[in-house]
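Structure data (compact mmCIF, C-alpha atoms and all ligand atoms) from target.txt:
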```
# COMPACT_ATOMS: atom_id res chain seq x y z
CA MET A 742 101.55 82.16 127.21
CA ASP A 743 102.75 80.90 130.57
CA GLY A 744 103.52 82.78 133.76
CA ASN A 745 100.49 84.99 134.42
CA GLY A 746 99.82 83.44 137.82
CA ARG A 747 103.39 83.86 139.03
CA TRP A 748 103.50 87.42 137.73
CA ALA A 749 100.44 88.20 139.87
CA ALA A 750 101.64 86.26 142.93
CA ARG A 751 104.91 88.24 142.99
CA ARG A 752 102.81 91.38 143.29
CA PHE A 753 100.46 89.91 145.89
CA LEU A 754 97.63 90.12 143.36
CA PRO A 755 95.00 87.49 142.55
CA ARG A 756 95.92 85.20 139.66
CA VAL A 757 93.19 86.67 137.45
CA ALA A 758 94.98 90.04 137.66
CA GLY A 759 97.93 88.33 135.96
CA HIS A 760 95.68 87.01 133.21
CA LYS A 761 94.36 90.55 132.65
CA VAL A 762 97.87 91.88 132.12
CA GLY A 763 98.44 88.84 129.92
CA VAL A 764 95.77 90.18 127.56
CA ASP A 765 97.78 93.41 127.27
CA ALA A 766 100.90 91.40 126.43
CA LEU A 767 98.98 89.47 123.79
CA ARG A 768 97.65 92.66 122.21
CA ALA A 769 101.20 94.03 121.93
CA CYS A 770 102.48 90.73 120.55
CA VAL A 771 99.75 90.55 117.90
CA ARG A 772 100.48 94.12 116.84
CA HIS A 773 104.21 93.50 116.62
CA CYS A 774 103.68 90.33 114.57
CA GLY A 775 101.53 92.27 112.12
CA ASP A 776 104.15 95.02 111.89
CA ILE A 777 107.07 92.70 111.16
CA GLY A 778 105.21 90.58 108.61
CA VAL A 779 104.45 87.41 110.57
CA LYS A 780 101.52 85.83 108.73
CA VAL A 781 100.28 83.36 111.36
CA LEU A 782 100.34 83.57 115.15
CA THR A 783 98.88 80.72 117.21
CA VAL A 784 98.52 81.20 120.96
CA PHE A 785 97.61 78.77 123.72
CA ALA A 786 95.04 80.54 125.89
CA PHE A 787 93.22 77.73 127.71
CA SER A 788 94.04 74.05 127.68
CA SER A 789 91.76 71.04 127.99
CA GLU A 790 93.47 70.52 131.36
CA ASN A 791 92.93 74.08 132.64
CA TRP A 792 89.39 73.09 133.72
CA ASN A 793 91.12 71.47 136.70
CA ARG A 794 92.10 74.88 138.11
CA PRO A 795 90.15 76.44 141.01
CA ALA A 796 86.59 77.30 139.92
CA ASP A 797 87.05 81.04 140.46
CA GLU A 798 90.09 81.12 138.21
CA VAL A 799 88.26 79.16 135.47
CA SER A 800 85.25 81.46 135.62
CA GLY A 801 87.58 84.48 135.74
CA LEU A 802 89.30 83.29 132.55
CA MET A 803 85.95 82.73 130.81
CA GLU A 804 84.77 86.20 131.76
CA LEU A 805 88.06 87.72 130.71
CA LEU A 806 87.81 86.05 127.30
CA ALA A 807 84.32 87.45 126.71
CA LEU A 808 85.38 90.91 127.91
CA ALA A 809 88.60 90.94 125.90
CA LEU A 810 86.76 89.94 122.73
CA SER A 811 84.16 92.66 123.10
CA ARG A 812 86.90 95.24 123.72
CA GLU A 813 89.58 94.12 121.28
CA VAL A 814 87.82 92.75 118.22
CA PRO A 815 86.95 96.10 116.57
CA GLN A 816 90.60 97.20 116.70
CA LEU A 817 91.84 93.79 115.56
CA LYS A 818 89.44 94.00 112.65
CA ALA A 819 90.82 97.43 111.74
CA GLU A 820 94.39 96.08 111.89
CA GLY A 821 93.67 93.28 109.39
CA VAL A 822 93.75 90.42 111.90
CA ARG A 823 91.68 87.33 111.17
CA ILE A 824 90.73 85.39 114.29
CA HIS A 825 90.17 81.65 114.46
CA PHE A 826 89.31 79.77 117.64
CA ILE A 827 90.86 76.33 117.85
CA GLY A 828 89.57 73.80 120.34
CA ASP A 829 86.64 71.82 121.62
CA ARG A 830 83.53 74.01 121.76
CA THR A 831 81.44 71.53 123.69
CA GLY A 832 81.17 72.50 127.33
CA LEU A 833 81.64 76.23 126.72
CA ALA A 834 78.95 78.60 127.99
CA PRO A 835 76.62 80.17 125.37
CA LYS A 836 78.02 83.64 126.14
CA VAL A 837 81.55 82.45 125.42
CA LEU A 838 80.45 80.56 122.29
CA ASN A 839 78.70 83.64 120.93
CA GLY A 840 81.83 85.71 121.53
CA LEU A 841 84.00 83.23 119.64
CA ALA A 842 81.61 83.01 116.69
CA ALA A 843 81.21 86.79 116.50
CA ALA A 844 84.98 87.41 116.60
CA GLU A 845 85.49 84.93 113.76
CA ALA A 846 82.64 86.33 111.68
CA VAL A 847 83.61 89.99 112.12
CA THR A 848 87.25 89.38 111.11
CA ALA A 849 86.60 86.75 108.41
CA GLY A 850 87.50 89.12 105.56
CA ASN A 851 90.97 89.93 106.93
CA GLU A 852 94.24 88.46 105.74
CA ARG A 853 97.14 90.53 107.08
CA LEU A 854 97.70 88.26 110.10
CA ILE A 855 95.93 85.05 111.07
CA LEU A 856 95.52 84.80 114.83
CA ASN A 857 94.64 81.30 116.02
CA ILE A 858 93.52 81.30 119.63
CA CYS A 859 93.68 77.82 121.12
CA PHE A 860 90.93 77.67 123.71
CA ASN A 861 89.76 74.48 125.36
CA TYR A 862 92.45 72.94 123.20
CA GLY A 863 94.81 70.03 123.57
CA GLY A 864 97.13 68.52 120.98
CA ARG A 865 95.87 65.04 121.78
CA TRP A 866 92.26 66.20 121.48
CA ASP A 867 93.02 67.51 118.01
CA ILE A 868 94.66 64.29 116.81
CA ALA A 869 91.81 62.20 118.26
CA GLN A 870 89.01 64.38 116.84
CA ALA A 871 90.65 64.35 113.40
CA ALA A 872 91.03 60.55 113.46
CA ALA A 873 87.46 60.07 114.67
CA ARG A 874 86.12 62.33 111.91
CA LEU A 875 88.07 60.46 109.22
CA ALA A 876 86.93 57.11 110.61
CA ALA A 877 83.29 58.23 110.62
CA GLN A 878 83.63 59.26 106.97
CA GLY A 879 85.27 55.96 106.11
CA CYS A 880 88.48 57.73 105.03
CA ALA A 881 91.89 56.09 105.26
CA ILE A 882 94.08 57.48 108.02
CA THR A 883 97.31 58.78 106.54
CA GLU A 884 99.65 61.60 107.57
CA GLN A 885 98.10 63.73 104.86
CA SER A 886 94.46 62.99 105.67
CA LEU A 887 95.08 63.53 109.39
CA SER A 888 96.82 66.86 108.75
CA GLY A 889 93.85 67.94 106.65
CA ALA A 890 91.31 66.97 109.30
CA MET A 891 93.02 68.75 112.16
CA ALA A 892 91.88 72.02 113.63
CA LEU A 893 94.86 73.91 112.20
CA ALA A 894 94.53 72.61 108.64
CA HIS A 895 94.07 76.19 107.40
CA VAL A 896 97.65 77.20 108.24
CA PRO A 897 101.13 75.72 107.65
CA ASP A 898 102.94 73.99 110.50
CA PRO A 899 104.60 76.47 112.87
CA ASP A 900 108.21 77.45 112.18
CA LEU A 901 108.81 78.58 115.75
CA VAL A 902 107.17 77.57 119.03
CA ILE A 903 107.80 79.88 121.98
CA ARG A 904 107.06 78.99 125.58
CA THR A 905 107.39 81.66 128.23
CA GLY A 906 107.55 81.27 132.00
CA GLY A 907 110.74 79.22 132.25
CA GLU A 908 109.14 75.80 131.85
CA GLN A 909 110.70 73.48 129.29
CA ARG A 910 107.86 71.25 128.21
CA VAL A 911 105.22 71.12 125.49
CA SER A 912 102.12 70.68 127.71
CA ASN A 913 99.91 69.25 124.96
CA PHE A 914 100.36 72.17 122.53
CA LEU A 915 100.52 71.54 118.75
CA LEU A 916 101.75 67.97 119.21
CA TRP A 917 101.23 66.98 115.59
CA GLN A 918 102.09 70.29 113.96
CA SER A 919 105.35 70.99 115.80
CA ALA A 920 107.16 67.89 114.45
CA TYR A 921 109.77 70.10 112.76
CA SER A 922 109.30 73.38 114.60
CA GLU A 923 112.12 75.18 116.32
CA PHE A 924 111.52 75.55 120.06
CA TYR A 925 112.42 78.63 122.08
CA PHE A 926 112.04 78.80 125.84
CA SER A 927 111.99 82.15 127.58
CA ASP A 928 112.33 82.69 131.32
CA LYS A 929 110.20 85.80 131.03
CA LEU A 930 106.71 85.50 132.48
CA TRP A 931 104.06 86.06 129.82
CA PRO A 932 102.97 89.53 131.05
CA GLU A 933 106.61 90.64 130.59
CA PHE A 934 107.03 89.15 127.14
CA ASP A 935 107.16 92.29 125.00
CA ALA A 936 108.13 93.16 121.43
CA ALA A 937 111.84 93.13 122.34
CA ALA A 938 111.53 89.64 123.81
CA LEU A 939 109.69 88.46 120.71
CA GLY A 940 112.45 89.99 118.60
CA GLU A 941 115.07 88.03 120.58
CA ALA A 942 113.15 84.81 119.97
CA ILE A 943 112.95 85.49 116.25
CA ASP A 944 116.67 86.38 116.12
CA ALA A 945 117.48 83.08 117.83
CA PHE A 946 115.25 81.28 115.33
CA ALA A 947 117.08 82.94 112.45
CA GLN A 948 120.39 81.46 113.71
CA ARG A 949 119.10 77.89 113.65
CA GLU A 950 119.88 75.52 110.82
CA ARG A 951 116.74 73.62 109.85
CA ARG A 952 117.67 70.33 108.25
CA PHE A 953 114.34 68.46 108.09
CA GLY A 954 116.19 65.14 108.35
CA LYS A 955 118.89 66.06 105.81
CA THR A 956 122.60 66.65 106.46
CA SER A 957 124.13 70.07 106.94
CA GLU A 958 125.96 69.69 103.58
CA GLN A 959 122.70 68.99 101.76
CA VAL A 960 121.06 72.01 103.34
CA LEU A 961 123.93 74.25 102.19
CA GLN A 962 123.79 72.80 98.67
CA ASP A 963 120.01 73.30 98.51
CA GLY A 964 120.48 76.92 99.58
CA ALA A 965 123.16 77.53 96.94
CA ALA A 966 120.97 75.92 94.27
CA ARG A 967 118.03 78.10 95.27
CA LYS A 968 120.20 81.21 95.04
CA ALA A 969 121.47 80.23 91.57
CA ALA A 970 117.97 79.55 90.23
C1 LIG B 1 98.78 81.57 131.87
O1 LIG B 1 99.72 81.40 132.85
C2 LIG B 1 98.27 80.31 131.24
C3 LIG B 1 96.79 80.19 131.24
C4 LIG B 1 96.19 79.06 131.52
C5 LIG B 1 95.94 81.32 130.90
P1 LIG B 1 99.52 80.54 134.18
O2 LIG B 1 98.19 80.83 134.75
O3 LIG B 1 99.81 79.11 133.87
O4 LIG B 1 100.64 81.15 135.11
P2 LIG B 1 101.60 80.39 136.14
O5 LIG B 1 102.26 79.27 135.39
O6 LIG B 1 100.75 79.92 137.26
O7 LIG B 1 102.57 81.45 136.54
MG MG B 2 101.46 77.92 134.03
```

Can you give me the file's structure in the form of structure tokens?
Ligand code: IPE
Ligand code: MG
Amino acid sequence: MDGNGRWAARRFLPRVAGHKVGVDALRACVRHCGDIGVKVLTVFAFSSENWNRPADEVSGLMELLALALSREVPQLKAEGVRIHFIGDRTGLAPKVLNGLAAAEAVTAGNERLILNICFNYGGRWDIAQAAARLAAQGCAITEQSLSGAMALAHVPDPDLVIRTGGEQRVSNFLLWQSAYSEFYFSDKLWPEFDAAALGEAIDAFAQRERRFGKTSEQVLQDGAARKAA
């Protein structure tokens, strides 16, 4: 969800004002995903590296998270959304930690849409914490054991990764899990990324041929075989 700061700067507003409108965009995106049958949505809200931003922006983002949770969770619960927070919880303030735990507990019975909110998250952190956990348990490190120990083990790998804000890089998001994801880069700033923009991304995804290392001919044959079965 990139571009909040630029959205605000273009309007001569403080950056935190952009993050506030970003919450509105996220609400709309979650709702649209639920409506069109997306089962899992994972968003990058705050990276391990975002602590390096100016202190007032960091504290503004922490406050916004707590406020957004208290305002949004009842409605999300009613809409069948199950929230998971993904990331390193050490170093988060008690108020924030309580908000995360409450949001997860209140929505734990839902299954219409899983919403993973990556907060104080980094792809490298996830790989390292999974490996460290396996090592401490004396488990062998394999692709399978690592996948199972990672913070997103409860969901399949993402089919589509969208980055807004015109930047074409991964910035430490889902490094392990996006090995075979389709990538879509939008020039829209996150506050402007609406249901129509999400629809365009999904349409583009639908045009892609996913080969998973195979040839195009094999993929076509597999598809024909599936249809015949
Ligand atoms: C939101 O966009 C990402 C968060 C860390 C919340 P940015 O704050 O990175 O916006 P730009 O890139 O400065 O426009
Ligand atoms: Mg940015």

Could you make a table, as a tab-separated table, of the residues of chain A that have an atom within 7 Å of an atom of ligand MG 2 (chain B), each with its nearest atom pair and distance in Å to one decimal, counting all atoms listed in the file, in chain and number order?
```
residue	atom	partner	partner_atom	distance
A:Asp743	CA	B:MG2	MG	4.7
A:Gly744	CA	B:MG2	MG	5.3
A:Gly746	CA	B:MG2	MG	6.9
```

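If you look at CA of Ala881 in chain A and CA of Asn913 in chain A, they are 25.0 Å away from each other.
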
Problem - At most 9 Å from ligand LIG 1 (chain B) (all atoms listed in the file): residue list as number ranges by chain - result: A: 742-750, 756-757, 759-760, 763, 785-788, 790-791, 794, 798-799, 802, 905-906, 908, 930-932

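In this structure, CA of Gln918 in chain A sits 11.3 Å away from CA of Arg865 in chain A.
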
Exercise for the section: Could you please determine the separation between CA of Arg910 in chain A and CA of Trp866 in chain A in Å, to one decimal place? Expected result: 17.7 Å

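Nearest to His773 in chain A of all the residues A:Leu893, A:Cys859, A:Val822, A:Leu916 is A:Val822, counting only C-alpha atoms.
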
Completion exercise
Judged by all atoms listed in the file, the minimum distance to His895 in chain A among A:Val764, A:Leu856, A:Ala846, A:Ala937 is found for A:Leu856

Exercise for the section: Name the closest residue to Leu915 in chain A among the candidates A:Asp867, A:Glu958, A:Asp765, A:Glu941; distances are taken between atoms, counting all atoms listed in the file. Expected result: A:Asp867

Practice task
Determine, counting all atoms listed in the file, every residue of protein, DNA or RNA that lies within 10 Å of (91.8, 66.3, 112.6) in the file coordinates, then give the result as a PyMOL selection string.
Solution key: chain A and resi 866-875+886-894+917

Store the residues picked out above, limited to C-alpha atoms, as a PDB file, in the frame of the given file.
```pdb
ATOM      1  CA  TRP A 866      92.260  66.200 121.480  1.00  0.00           C
ATOM      2  CA  ASP A 867      93.020  67.510 118.010  1.00  0.00           C
ATOM      3  CA  ILE A 868      94.660  64.290 116.810  1.00  0.00           C
ATOM      4  CA  ALA A 869      91.810  62.200 118.260  1.00  0.00           C
ATOM      5  CA  GLN A 870      89.010  64.380 116.840  1.00  0.00           C
ATOM      6  CA  ALA A 871      90.650  64.350 113.400  1.00  0.00           C
ATOM      7  CA  ALA A 872      91.030  60.550 113.460  1.00  0.00           C
ATOM      8  CA  ALA A 873      87.460  60.070 114.670  1.00  0.00           C
ATOM      9  CA  ARG A 874      86.120  62.330 111.910  1.00  0.00           C
ATOM     10  CA  LEU A 875      88.070  60.460 109.220  1.00  0.00           C
ATOM     11  CA  SER A 886      94.460  62.990 105.670  1.00  0.00           C
ATOM     12  CA  LEU A 887      95.080  63.530 109.390  1.00  0.00           C
ATOM     13  CA  SER A 888      96.820  66.860 108.750  1.00  0.00           C
ATOM     14  CA  GLY A 889      93.850  67.940 106.650  1.00  0.00           C
ATOM     15  CA  ALA A 890      91.310  66.970 109.300  1.00  0.00           C
ATOM     16  CA  MET A 891      93.020  68.750 112.160  1.00  0.00           C
ATOM     17  CA  ALA A 892      91.880  72.020 113.630  1.00  0.00           C
ATOM     18  CA  LEU A 893      94.860  73.910 112.200  1.00  0.00           C
ATOM     19  CA  ALA A 894      94.530  72.610 108.640  1.00  0.00           C
ATOM     20  CA  TRP A 917     101.230  66.980 115.590  1.00  0.00           C
TER      21      TRP A 917
END
```

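With all atoms listed in the file as the basis for measurement, A:Ile777 is the residue among A:Leu806, A:Val784, A:Ile777, A:Ile824 that approaches Ile943 in chain A most closely.
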
Practice task
Mind checking which residues fall within 12 Å of Gly964 in chain A, counting only C-alpha atoms, ignoring those fewer than 5 positions away in the same chain, and posting them as a VMD selection string?
Solution key: chain A and resid 950 to 952 957 to 959 969 to 970

Exercise for the section: Would you kindly return, as a list in words, each protein, DNA or RNA residue with an atom no farther than 10 Å from any atom of Ala920 in chain A, considering only C-alpha atoms and excluding same-chain residues fewer than 6 positions away? Expected result: Asp898, Pro899, Asp900 and Phe953 of chain A

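Closest to Ala938 in chain A among A:Tyr925, A:Ile858, A:Phe914, A:Asn851 is A:Tyr925, based on all atoms listed in the file.
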
Practice task
Choose the residue, out of A:Leu901, A:Ala758, A:Cys774, A:Ala807, that has the smallest atom-to-atom separation from Arg949 in chain A; count all atoms listed in the file.
Solution key: A:Leu901

Exercise for the section: Write out as a list in words each polymer residue whose atoms come within 10 Å of Val814 in chain A, counting all atoms listed in the file; drop sequence neighbours fewer than 5 positions from it. Expected result: Ala809, Ala819, Glu820, Val822, Arg823, Ile824, Gly840, Ala843, Ala844, Glu845, Val847 and Thr848 of chain A

Generate N, CA, C and O atoms for range 931-947 of chain A and emit them as a CSV table (one decimal), in the coordinates of the input.
```csv
chain,number,residue,atom,x,y,z
A,931,TRP,N,104.8,85.5,131.0
A,931,TRP,CA,104.1,86.1,129.8
A,931,TRP,C,103.7,87.6,129.9
A,931,TRP,O,103.9,88.3,128.9
A,932,PRO,N,103.3,88.1,131.0
A,932,PRO,CA,103.0,89.5,131.0
A,932,PRO,C,104.2,90.4,130.7
A,932,PRO,O,104.0,91.6,130.4
A,933,GLU,N,105.4,89.9,130.9
A,933,GLU,CA,106.6,90.6,130.6
A,933,GLU,C,107.2,90.4,129.2
A,933,GLU,O,108.2,90.9,128.8
A,934,PHE,N,106.5,89.5,128.5
A,934,PHE,CA,107.0,89.2,127.1
A,934,PHE,C,106.6,90.2,126.1
A,934,PHE,O,105.5,90.2,125.6
A,935,ASP,N,107.5,91.1,125.8
A,935,ASP,CA,107.2,92.3,125.0
A,935,ASP,C,107.8,92.1,123.6
A,935,ASP,O,108.3,91.1,123.3
A,936,ALA,N,107.6,93.2,122.8
A,936,ALA,CA,108.1,93.2,121.4
A,936,ALA,C,109.6,92.9,121.4
A,936,ALA,O,110.1,92.1,120.5
A,937,ALA,N,110.4,93.4,122.3
A,937,ALA,CA,111.8,93.1,122.3
A,937,ALA,C,112.1,91.7,122.6
A,937,ALA,O,113.0,91.0,122.0
A,938,ALA,N,111.3,91.1,123.5
A,938,ALA,CA,111.5,89.6,123.8
A,938,ALA,C,111.2,88.8,122.6
A,938,ALA,O,111.8,87.8,122.3
A,939,LEU,N,110.1,89.2,121.9
A,939,LEU,CA,109.7,88.5,120.7
A,939,LEU,C,110.8,88.6,119.6
A,939,LEU,O,111.1,87.6,119.0
A,940,GLY,N,111.4,89.8,119.5
A,940,GLY,CA,112.4,90.0,118.6
A,940,GLY,C,113.6,89.1,118.9
A,940,GLY,O,114.2,88.5,118.0
A,941,GLU,N,114.0,88.9,120.2
A,941,GLU,CA,115.1,88.0,120.6
A,941,GLU,C,114.8,86.6,120.2
A,941,GLU,O,115.7,85.9,119.7
A,942,ALA,N,113.5,86.2,120.3
A,942,ALA,CA,113.2,84.8,120.0
A,942,ALA,C,113.3,84.6,118.5
A,942,ALA,O,113.8,83.6,118.0
A,943,ILE,N,112.9,85.6,117.7
A,943,ILE,CA,113.0,85.5,116.2
A,943,ILE,C,114.4,85.5,115.8
A,943,ILE,O,114.8,84.8,114.9
A,944,ASP,N,115.2,86.4,116.5
A,944,ASP,CA,116.7,86.4,116.1
A,944,ASP,C,117.3,85.0,116.4
A,944,ASP,O,118.1,84.5,115.6
A,945,ALA,N,116.9,84.4,117.5
A,945,ALA,CA,117.5,83.1,117.8
A,945,ALA,C,117.0,82.1,116.8
A,945,ALA,O,117.8,81.2,116.3
A,946,PHE,N,115.8,82.2,116.4
A,946,PHE,CA,115.2,81.3,115.3
A,946,PHE,C,116.0,81.4,114.0
A,946,PHE,O,116.4,80.4,113.4
A,947,ALA,N,116.4,82.7,113.7
A,947,ALA,CA,117.1,82.9,112.4
A,947,ALA,C,118.5,82.3,112.4
A,947,ALA,O,119.1,82.1,111.4
```
